Amino acid sequence: MYSESEVLEYVQEEDVKFIRLAFFDLKGVQKNISIMATQLQNAFENGVSFDASAIYGFETAEKSDLFLHPDPTTVSILPWRPNTGKVIRMFCTISHPDGTPYKKDCRTLLANAVKKAKDDFGIEFSFGTEIEFYLFKLDEKGEQTKIPFDNASYMDIAPEDKGENIRREICFTLEQMGIQPEASHHEEGPGQNEIDFHYSDALTAADNAATFKWIVRTRAASAGLFADFSPKPLTDKAGSGFHINISCSDKSKNKNVLAGILKHAEELTYYMNCTEASYDRLGSCKAPCYLAWGYENRSTFIRVPAITTDEASRMEIRTPDSECNVYLVFTLLIHAALDGIKNNLEPPEPVTENLFSNSSNSLSNRLVTPLRDLRLKTLPDTLDSAKEIAEKSSFIKEVLGF
């Protein structure tokens with residue numbers, strides 16, 4: 001955790017020439033502006049202005065000046081840039097010209113959710129992510145194809161798995177940037193890969209996930225490949241998920257947390273699955289569509305994994321995909337969990353059946369009667385229906401404030 005003075009000293013002593021100031025639009029797409037090292041002190045003191053009307057979901061042209069304020073605790077060197085004239089990156093908070101926080105700054109929204117959990121409830125949440133992506137070949141013009149980099153399957157090894165060297169380079173780069181990957185392997189689809197992260201606090205986990213996608217795309221491009229994080233790049237193959245593991249510092253509240261997230265799952269879907277292709281993934285190839293939970297059960301919306309250590313128990317939310325804005329999703333999950341704690345909500349009974357084998361593998365079959373006469377609701381089946389539910393949600397309006 002570095003202070004402003006320590007970052008300024010590092011920049012001077014380590015021949016840093018460029019600073020990338022990073023932030024996110026409402027879709028969760030990373031944006032940045034580069035400043036020279038000589039401008040960093042001014043950036044700390046006064047911020048750096050930008051045109052908010054050019055950023056998706058932000059402001060219109062008549063009042064479009066916003067300011068970026070670099071967060072020194074997030075400083076990281078970009079290891080793929082030259083050692084001479086180094087480049088560093090910091091995430092930023094966003095304010096209006098008068099210094100008031102910008103309400104659509106998704107990092108600030110998440111920081112406020114974390115603060116509320118700590119101040120009002122005395123608890124902290126930890127997050128870990130499991131992120132899947134495809135590697136595709138490029139054509140002779142350098143454009144993306146839909147030809148997978150290999151034809152390997154789940155946890156295969158070389159030579160079938162051609163992605164292991166790229167995954168290794170990605171993990172090395174993550175470590176150089178102070179991010180700790182936990183595991184990596186080939187996934188079920190041809191050319192599909194997964195890298196998992198050790199749990200951390202919510203804001204760090206979100207920053208790490210955003211940085212990860214950038215690193216993967218950068219390393220893939222340097223290898224002459226295209227990294228695709230879309231939820232369903234190949235119609236007849238496994239989709240790519242963004243599995244979110246969440247744990248509460250007070251284990252006695254775990255059932256309340258689970259119940260709160262289940263209660264608001266339909267409202268959250270628009271944010272966890274925010275493209276048309278997201279709904280092609282849900283309900284097929286092991287992507288759950290039922291609003292249910294179970295111990296070790298990967299066919300449910302929430303899986304509570306088997307515990308083999310004394311570490312805090314966690315729950316895995318299996319439906320999100322990488323097109324989501326991870327900051328908004330983490331924010332909404334924390335508030336949903338807090339609602340469960342505040343109102344002492346209890347979850348329904350866990351589901352033990354394999355719901356993949358008891359449905360048509362399609363969201364179009366909205367209510368199914370599995371083995372023991374369960375009547376389970378499904379998630380919204382289209383982007384439009386998910387959006388409509390979110391727009392009508394008082395919970396979403398209260399949490400996001402816009």
# chains A, B, ... in the order shown; residues from 1 in each chain; ligands from 1
>>> closest_atom_pairs(of="region 52-161 of chain A", to="region 337-349 of chain A", cutoff="12 Å", atoms="only C-alpha atoms", output="CSV")
residue,atom,partner,partner_atom,distance
A:Ala113,CA,A:Leu338,CA,9.6
A:Val114,CA,A:Leu338,CA,10.5
A:Lys115,CA,A:Leu338,CA,11.9
A:Lys116,CA,A:Leu338,CA,9.1
A:Ala117,CA,A:Leu338,CA,7.1
A:Lys118,CA,A:Leu338,CA,10.6
A:Asp119,CA,A:Leu338,CA,11.9
A:Asp120,CA,A:Leu338,CA,9.5
A:Phe121,CA,A:Leu338,CA,8.0
A:Gly122,CA,A:Leu338,CA,10.9
A:Ile123,CA,A:Leu338,CA,9.5
A:Glu124,CA,A:Leu338,CA,10.6
A:Phe125,CA,A:Ala337,CA,9.5
>>> residues_around(residues="Asn46 (chain A)", least_positions_apart="5", cutoff="10 Å", atoms="only C-alpha atoms", output="number ranges by chain")
A: 40-41, 67-69, 97, 99
>>> select_by_dssp(residues="region 111-257 of chain A", states="alpha helix (DSSP H)", output="PyMOL selection string")
chain A and resi 111-121+164-176+202-222+254-257
>>> residues_around(residues="Phe402 (chain A)", least_positions_apart="4", cutoff="9 Å", atoms="only C-alpha atoms", output="PyMOL selection string")
chain A and resi 103-104+396-398
>>> closest_residue(among="A:Thr145, A:Thr378, A:Ser252, A:Thr93", to="Pro288 (chain A)", atoms="only C-alpha atoms")
A:Thr378
>>> closest_residue(among="A:Leu268, A:Ile170, A:Leu138, A:Ala43", to="Glu391 (chain A)", atoms="only C-alpha atoms")
A:Leu268
>>> closest_atom_pairs(of="region 220-288 of chain A", to="region 295-301 of chain A", cutoff="12 Å", atoms="only C-alpha atoms", output="CSV")
residue,atom,partner,partner_atom,distance
A:His243,CA,A:Phe301,CA,10.4
A:Ile244,CA,A:Phe301,CA,11.1
A:Leu258,CA,A:Phe301,CA,10.7
A:Ala259,CA,A:Phe301,CA,11.9
A:Ile261,CA,A:Phe301,CA,10.1
A:Leu262,CA,A:Phe301,CA,8.3
A:Lys263,CA,A:Phe301,CA,11.8
A:Ala265,CA,A:Phe301,CA,8.8
A:Glu266,CA,A:Phe301,CA,10.9
A:Thr269,CA,A:Phe301,CA,11.1
A:Leu282,CA,A:Phe301,CA,10.3
A:Gly283,CA,A:Ser299,CA,9.3
A:Ser284,CA,A:Ser299,CA,10.3
A:Cys285,CA,A:Ser299,CA,10.0
A:Lys286,CA,A:Ser299,CA,6.5
A:Ala287,CA,A:Ser299,CA,7.2
A:Pro288,CA,A:Ser299,CA,5.3
>>> write_last_selection(atoms="N, CA, C and O atoms", output="PDB file, in the first residue's frame")
ATOM      1  N   HIS A 243     -17.170 -17.091 -12.685  1.00  0.00           N
ATOM      2  CA  HIS A 243     -17.693 -17.602 -11.422  1.00  0.00           C
ATOM      3  C   HIS A 243     -17.167 -16.764 -10.265  1.00  0.00           C
ATOM      4  O   HIS A 243     -15.971 -16.464 -10.190  1.00  0.00           O
ATOM      5  N   ILE A 244     -18.059 -16.400  -9.364  1.00  0.00           N
ATOM      6  CA  ILE A 244     -17.719 -15.516  -8.253  1.00  0.00           C
ATOM      7  C   ILE A 244     -17.871 -16.274  -6.945  1.00  0.00           C
ATOM      8  O   ILE A 244     -18.951 -16.777  -6.626  1.00  0.00           O
ATOM      9  N   LEU A 258     -26.592 -16.173   1.754  1.00  0.00           N
ATOM     10  CA  LEU A 258     -27.081 -16.991   0.645  1.00  0.00           C
ATOM     11  C   LEU A 258     -28.529 -16.644   0.319  1.00  0.00           C
ATOM     12  O   LEU A 258     -28.894 -16.463  -0.860  1.00  0.00           O
ATOM     13  N   ALA A 259     -29.351 -16.506   1.359  1.00  0.00           N
ATOM     14  CA  ALA A 259     -30.769 -16.209   1.151  1.00  0.00           C
ATOM     15  C   ALA A 259     -30.966 -14.831   0.529  1.00  0.00           C
ATOM     16  O   ALA A 259     -31.829 -14.648  -0.342  1.00  0.00           O
ATOM     17  N   ILE A 261     -28.876 -13.196  -1.464  1.00  0.00           N
ATOM     18  CA  ILE A 261     -28.470 -13.223  -2.877  1.00  0.00           C
ATOM     19  C   ILE A 261     -29.515 -13.949  -3.720  1.00  0.00           C
ATOM     20  O   ILE A 261     -29.849 -13.507  -4.829  1.00  0.00           O
ATOM     21  N   LEU A 262     -30.054 -15.055  -3.208  1.00  0.00           N
ATOM     22  CA  LEU A 262     -31.120 -15.755  -3.927  1.00  0.00           C
ATOM     23  C   LEU A 262     -32.355 -14.868  -4.093  1.00  0.00           C
ATOM     24  O   LEU A 262     -32.982 -14.841  -5.158  1.00  0.00           O
ATOM     25  N   LYS A 263     -32.687 -14.123  -3.060  1.00  0.00           N
ATOM     26  CA  LYS A 263     -33.868 -13.246  -3.105  1.00  0.00           C
ATOM     27  C   LYS A 263     -33.769 -12.245  -4.248  1.00  0.00           C
ATOM     28  O   LYS A 263     -34.763 -11.949  -4.925  1.00  0.00           O
ATOM     29  N   ALA A 265     -31.725 -12.444  -6.962  1.00  0.00           N
ATOM     30  CA  ALA A 265     -31.031 -12.996  -8.129  1.00  0.00           C
ATOM     31  C   ALA A 265     -31.624 -12.513  -9.446  1.00  0.00           C
ATOM     32  O   ALA A 265     -30.883 -12.165 -10.387  1.00  0.00           O
ATOM     33  N   GLU A 266     -32.947 -12.490  -9.556  1.00  0.00           N
ATOM     34  CA  GLU A 266     -33.565 -12.063 -10.811  1.00  0.00           C
ATOM     35  C   GLU A 266     -33.230 -10.601 -11.114  1.00  0.00           C
ATOM     36  O   GLU A 266     -32.969 -10.240 -12.264  1.00  0.00           O
ATOM     37  N   THR A 269     -29.628 -10.238 -12.420  1.00  0.00           N
ATOM     38  CA  THR A 269     -29.251 -10.947 -13.647  1.00  0.00           C
ATOM     39  C   THR A 269     -28.844  -9.998 -14.769  1.00  0.00           C
ATOM     40  O   THR A 269     -27.883 -10.260 -15.503  1.00  0.00           O
ATOM     41  N   LEU A 282     -26.715 -19.396 -20.682  1.00  0.00           N
ATOM     42  CA  LEU A 282     -27.452 -19.892 -19.526  1.00  0.00           C
ATOM     43  C   LEU A 282     -28.385 -21.035 -19.917  1.00  0.00           C
ATOM     44  O   LEU A 282     -29.103 -20.953 -20.904  1.00  0.00           O
ATOM     45  N   GLY A 283     -28.351 -22.089 -19.132  1.00  0.00           N
ATOM     46  CA  GLY A 283     -29.205 -23.234 -19.404  1.00  0.00           C
ATOM     47  C   GLY A 283     -28.589 -24.252 -20.344  1.00  0.00           C
ATOM     48  O   GLY A 283     -29.250 -25.232 -20.700  1.00  0.00           O
ATOM     49  N   SER A 284     -27.335 -24.059 -20.746  1.00  0.00           N
ATOM     50  CA  SER A 284     -26.689 -25.020 -21.641  1.00  0.00           C
ATOM     51  C   SER A 284     -25.260 -25.262 -21.193  1.00  0.00           C
ATOM     52  O   SER A 284     -24.626 -24.383 -20.593  1.00  0.00           O
ATOM     53  N   CYS A 285     -24.761 -26.448 -21.478  1.00  0.00           N
ATOM     54  CA  CYS A 285     -23.344 -26.787 -21.226  1.00  0.00           C
ATOM     55  C   CYS A 285     -22.896 -26.389 -19.822  1.00  0.00           C
ATOM     56  O   CYS A 285     -21.895 -25.701 -19.636  1.00  0.00           O
ATOM     57  N   LYS A 286     -23.642 -26.811 -18.829  1.00  0.00           N
ATOM     58  CA  LYS A 286     -23.285 -26.641 -17.425  1.00  0.00           C
ATOM     59  C   LYS A 286     -23.341 -25.198 -16.931  1.00  0.00           C
ATOM     60  O   LYS A 286     -22.691 -24.859 -15.941  1.00  0.00           O
ATOM     61  N   ALA A 287     -24.084 -24.353 -17.610  1.00  0.00           N
ATOM     62  CA  ALA A 287     -24.332 -23.005 -17.096  1.00  0.00           C
ATOM     63  C   ALA A 287     -25.728 -22.997 -16.491  1.00  0.00           C
ATOM     64  O   ALA A 287     -26.721 -23.134 -17.209  1.00  0.00           O
ATOM     65  N   PRO A 288     -25.865 -22.875 -15.182  1.00  0.00           N
ATOM     66  CA  PRO A 288     -27.175 -23.025 -14.525  1.00  0.00           C
ATOM     67  C   PRO A 288     -28.180 -21.965 -14.957  1.00  0.00           C
ATOM     68  O   PRO A 288     -27.821 -20.853 -15.352  1.00  0.00           O
TER      69      PRO A 288
END
>>> select_by_dssp(residues="region 88-184 of chain A", states="strand (DSSP E)", output="PyMOL selection string")
chain A and resi 88-95+125-138+144-148+181-184
>>> residues_around(residues="His185 (chain A)", least_positions_apart="4", cutoff="9 Å", atoms="only C-alpha atoms", output="list in words")
Tyr154, Met155, Asp156, Ile157, Gly163, Glu164, Arg167, Asn193, Glu194 and Ile195 of chain A
>>> write_last_selection(atoms="all heavy atoms", output="compact mmCIF listing (two decimals), in the first residue's frame")
# COMPACT_ATOMS: atom_id res chain seq x y z
N TYR A 154 -11.22 -30.62 -21.09
CA TYR A 154 -11.04 -30.26 -19.68
C TYR A 154 -9.78 -30.85 -19.06
O TYR A 154 -9.59 -32.08 -19.04
CB TYR A 154 -12.27 -30.70 -18.89
CG TYR A 154 -12.27 -30.25 -17.44
CD1 TYR A 154 -12.31 -28.91 -17.12
CD2 TYR A 154 -12.24 -31.18 -16.42
CE1 TYR A 154 -12.34 -28.49 -15.79
CE2 TYR A 154 -12.27 -30.78 -15.09
CZ TYR A 154 -12.31 -29.43 -14.79
OH TYR A 154 -12.32 -29.03 -13.48
N MET A 155 -8.90 -29.98 -18.60
CA MET A 155 -7.68 -30.32 -17.88
C MET A 155 -6.75 -31.23 -18.66
O MET A 155 -5.96 -31.98 -18.07
CB MET A 155 -7.99 -30.90 -16.50
CG MET A 155 -8.51 -29.87 -15.51
SD MET A 155 -8.50 -30.44 -13.80
CE MET A 155 -8.99 -28.92 -12.96
N ASP A 156 -6.82 -31.18 -19.99
CA ASP A 156 -5.84 -31.89 -20.80
C ASP A 156 -4.45 -31.28 -20.63
O ASP A 156 -4.29 -30.18 -20.10
CB ASP A 156 -6.24 -31.84 -22.29
CG ASP A 156 -7.28 -32.88 -22.66
OD1 ASP A 156 -7.53 -33.78 -21.82
OD2 ASP A 156 -7.85 -32.79 -23.76
N ILE A 157 -3.45 -32.00 -21.09
CA ILE A 157 -2.07 -31.53 -21.01
C ILE A 157 -1.50 -31.43 -22.42
O ILE A 157 -2.10 -31.88 -23.39
CB ILE A 157 -1.20 -32.48 -20.15
CG1 ILE A 157 -1.19 -33.90 -20.76
CG2 ILE A 157 -1.73 -32.55 -18.72
CD1 ILE A 157 -0.23 -34.85 -20.07
N GLY A 163 -2.40 -24.17 -24.91
CA GLY A 163 -2.50 -22.90 -24.21
C GLY A 163 -1.66 -22.81 -22.94
O GLY A 163 -1.62 -21.75 -22.32
N GLU A 164 -0.94 -23.89 -22.57
CA GLU A 164 -0.27 -23.87 -21.28
C GLU A 164 0.85 -22.83 -21.22
O GLU A 164 1.07 -22.21 -20.18
CB GLU A 164 0.27 -25.25 -20.92
CG GLU A 164 1.33 -25.81 -21.82
CD GLU A 164 1.90 -27.13 -21.30
OE1 GLU A 164 1.25 -27.79 -20.47
OE2 GLU A 164 3.00 -27.50 -21.74
N ARG A 167 -0.84 -19.45 -20.72
CA ARG A 167 -1.32 -19.34 -19.34
C ARG A 167 -0.17 -19.09 -18.38
O ARG A 167 -0.29 -18.32 -17.42
CB ARG A 167 -2.10 -20.59 -18.93
CG ARG A 167 -3.41 -20.80 -19.68
CD ARG A 167 -4.30 -21.80 -18.98
NE ARG A 167 -3.67 -23.08 -18.75
CZ ARG A 167 -3.64 -24.09 -19.61
NH1 ARG A 167 -4.23 -23.96 -20.80
NH2 ARG A 167 -3.05 -25.22 -19.31
N ASN A 193 -9.82 -21.75 -21.82
CA ASN A 193 -8.91 -21.77 -20.68
C ASN A 193 -9.58 -21.14 -19.46
O ASN A 193 -10.55 -20.40 -19.58
CB ASN A 193 -7.64 -20.98 -21.01
CG ASN A 193 -6.89 -21.57 -22.18
OD1 ASN A 193 -5.98 -22.36 -22.03
ND2 ASN A 193 -7.27 -21.16 -23.40
N GLU A 194 -9.01 -21.44 -18.30
CA GLU A 194 -9.49 -20.84 -17.06
C GLU A 194 -8.32 -20.54 -16.14
O GLU A 194 -7.38 -21.34 -16.03
CB GLU A 194 -10.47 -21.77 -16.34
CG GLU A 194 -10.95 -21.22 -14.98
CD GLU A 194 -11.97 -22.12 -14.30
OE1 GLU A 194 -12.91 -22.57 -15.00
OE2 GLU A 194 -11.82 -22.40 -13.10
N ILE A 195 -8.37 -19.38 -15.50
CA ILE A 195 -7.41 -19.02 -14.45
C ILE A 195 -8.19 -18.53 -13.25
O ILE A 195 -9.12 -17.72 -13.38
CB ILE A 195 -6.41 -17.95 -14.95
CG1 ILE A 195 -5.56 -18.53 -16.10
CG2 ILE A 195 -5.50 -17.49 -13.81
CD1 ILE A 195 -4.54 -17.59 -16.68
>>> closest_residue(among="A:Ile35, A:Thr382, A:Ser393, A:Pro79", to="Thr218 (chain A)", atoms="only C-alpha atoms")
A:Pro79
>>> residues_around(residues="Glu276 (chain A)", least_positions_apart="6", cutoff="12 Å", atoms="only C-alpha atoms", output="PyMOL selection string")
chain A and resi 230-233+270+282+321+323+380-387
>>> write_last_selection(atoms="N, CA and C atoms", output="mmCIF file, in the first residue's frame")
data_model
loop_
_atom_site.group_PDB
_atom_site.id
_atom_site.type_symbol
_atom_site.label_atom_id
_atom_site.label_comp_id
_atom_site.auth_asym_id
_atom_site.auth_seq_id
_atom_site.Cartn_x
_atom_site.Cartn_y
_atom_site.Cartn_z
ATOM 1 N N SER A 230 -16.232 -13.408 -24.374
ATOM 2 C CA SER A 230 -17.682 -13.380 -24.553
ATOM 3 C C SER A 230 -18.309 -14.670 -24.021
ATOM 4 N N PRO A 231 -19.577 -14.613 -23.611
ATOM 5 C CA PRO A 231 -20.181 -15.764 -22.921
ATOM 6 C C PRO A 231 -20.444 -16.979 -23.799
ATOM 7 N N LYS A 232 -20.603 -16.796 -25.099
ATOM 8 C CA LYS A 232 -20.918 -17.943 -25.952
ATOM 9 C C LYS A 232 -20.304 -17.736 -27.336
ATOM 10 N N PRO A 233 -18.980 -17.795 -27.459
ATOM 11 C CA PRO A 233 -18.350 -17.538 -28.756
ATOM 12 C C PRO A 233 -18.583 -18.639 -29.784
ATOM 13 N N TYR A 270 -29.550 -8.893 -14.923
ATOM 14 C CA TYR A 270 -29.229 -7.933 -15.987
ATOM 15 C C TYR A 270 -27.801 -7.431 -15.875
ATOM 16 N N LEU A 282 -26.715 -19.396 -20.682
ATOM 17 C CA LEU A 282 -27.452 -19.892 -19.526
ATOM 18 C C LEU A 282 -28.385 -21.035 -19.917
ATOM 19 N N ASP A 321 -21.078 -13.839 -16.326
ATOM 20 C CA ASP A 321 -20.065 -13.987 -17.372
ATOM 21 C C ASP A 321 -19.215 -12.728 -17.425
ATOM 22 N N GLU A 323 -18.641 -10.392 -19.471
ATOM 23 C CA GLU A 323 -19.078 -9.126 -20.059
ATOM 24 C C GLU A 323 -19.639 -8.193 -18.989
ATOM 25 N N PRO A 380 -34.279 -14.847 -15.700
ATOM 26 C CA PRO A 380 -34.850 -14.269 -16.920
ATOM 27 C C PRO A 380 -34.228 -14.910 -18.157
ATOM 28 N N ASP A 381 -35.030 -15.092 -19.202
ATOM 29 C CA ASP A 381 -34.551 -15.853 -20.362
ATOM 30 C C ASP A 381 -34.078 -14.994 -21.521
ATOM 31 N N THR A 382 -34.196 -13.684 -21.422
ATOM 32 C CA THR A 382 -33.685 -12.787 -22.460
ATOM 33 C C THR A 382 -33.101 -11.551 -21.787
ATOM 34 N N LEU A 383 -32.274 -10.841 -22.529
ATOM 35 C CA LEU A 383 -31.718 -9.593 -22.021
ATOM 36 C C LEU A 383 -32.820 -8.571 -21.747
ATOM 37 N N ASP A 384 -33.797 -8.510 -22.619
ATOM 38 C CA ASP A 384 -34.890 -7.548 -22.436
ATOM 39 C C ASP A 384 -35.685 -7.816 -21.166
ATOM 40 N N SER A 385 -35.987 -9.085 -20.908
ATOM 41 C CA SER A 385 -36.761 -9.398 -19.700
ATOM 42 C C SER A 385 -35.937 -9.134 -18.450
ATOM 43 N N ALA A 386 -34.632 -9.409 -18.504
ATOM 44 C CA ALA A 386 -33.771 -9.118 -17.359
ATOM 45 C C ALA A 386 -33.695 -7.615 -17.115
ATOM 46 N N LYS A 387 -33.597 -6.849 -18.204
ATOM 47 C CA LYS A 387 -33.540 -5.386 -18.080
ATOM 48 C C LYS A 387 -34.827 -4.839 -17.472
#
>>> atom_distance(atom1="CA of Thr74 (chain A)", atom2="CA of Asp207 (chain A)")
8.6 Å
>>> closest_residue(among="A:Ile317, A:Ala183, A:Val329, A:Ala158", to="Glu267 (chain A)", atoms="only C-alpha atoms")
A:Val329
>>> closest_residue(among="A:Asn354, A:Ser222, A:Ser95, A:Asn208", to="Glu169 (chain A)", atoms="only C-alpha atoms")
A:Ser222
>>> residues_around(residues="Leu203 (chain A)", least_positions_apart="2", cutoff="7 Å", atoms="only C-alpha atoms", output="count of residues only")
6
>>> residues_around(residues="Gly178 (chain A)", least_positions_apart="3", cutoff="12 Å", atoms="only C-alpha atoms", output="count of residues only")
19
>>> atom_distance(atom1="CA of Asp161 (chain A)", atom2="CA of Asn245 (chain A)")
26.5 Å
>>> atom_distance(atom1="CA of Arg219 (chain A)", atom2="CA of Lys31 (chain A)")
18.6 Å
>>> decode(residues="region 80-94 of chain A", atoms="C-alpha atoms", output="mmCIF file, in the first residue's frame")
data_model
loop_
_atom_site.group_PDB
_atom_site.id
_atom_site.type_symbol
_atom_site.label_atom_id
_atom_site.label_comp_id
_atom_site.auth_asym_id
_atom_site.auth_seq_id
_atom_site.Cartn_x
_atom_site.Cartn_y
_atom_site.Cartn_z
ATOM 1 C CA TRP A 80 5.583 -5.787 -20.799
ATOM 2 C CA ARG A 81 6.682 -2.180 -21.345
ATOM 3 C CA PRO A 82 10.413 -1.210 -21.662
ATOM 4 C CA ASN A 83 12.604 -1.039 -18.556
ATOM 5 C CA THR A 84 13.936 2.280 -19.792
ATOM 6 C CA GLY A 85 11.195 4.845 -19.463
ATOM 7 C CA LYS A 86 8.917 2.596 -17.406
ATOM 8 C CA VAL A 87 5.122 2.753 -17.486
ATOM 9 C CA ILE A 88 2.976 2.422 -14.370
ATOM 10 C CA ARG A 89 -0.777 2.266 -13.908
ATOM 11 C CA MET A 90 -3.083 3.483 -11.166
ATOM 12 C CA PHE A 91 -6.841 3.143 -10.839
ATOM 13 C CA CYS A 92 -8.706 6.373 -10.205
ATOM 14 C CA THR A 93 -11.720 7.742 -8.428
ATOM 15 C CA ILE A 94 -13.906 10.208 -10.321
#
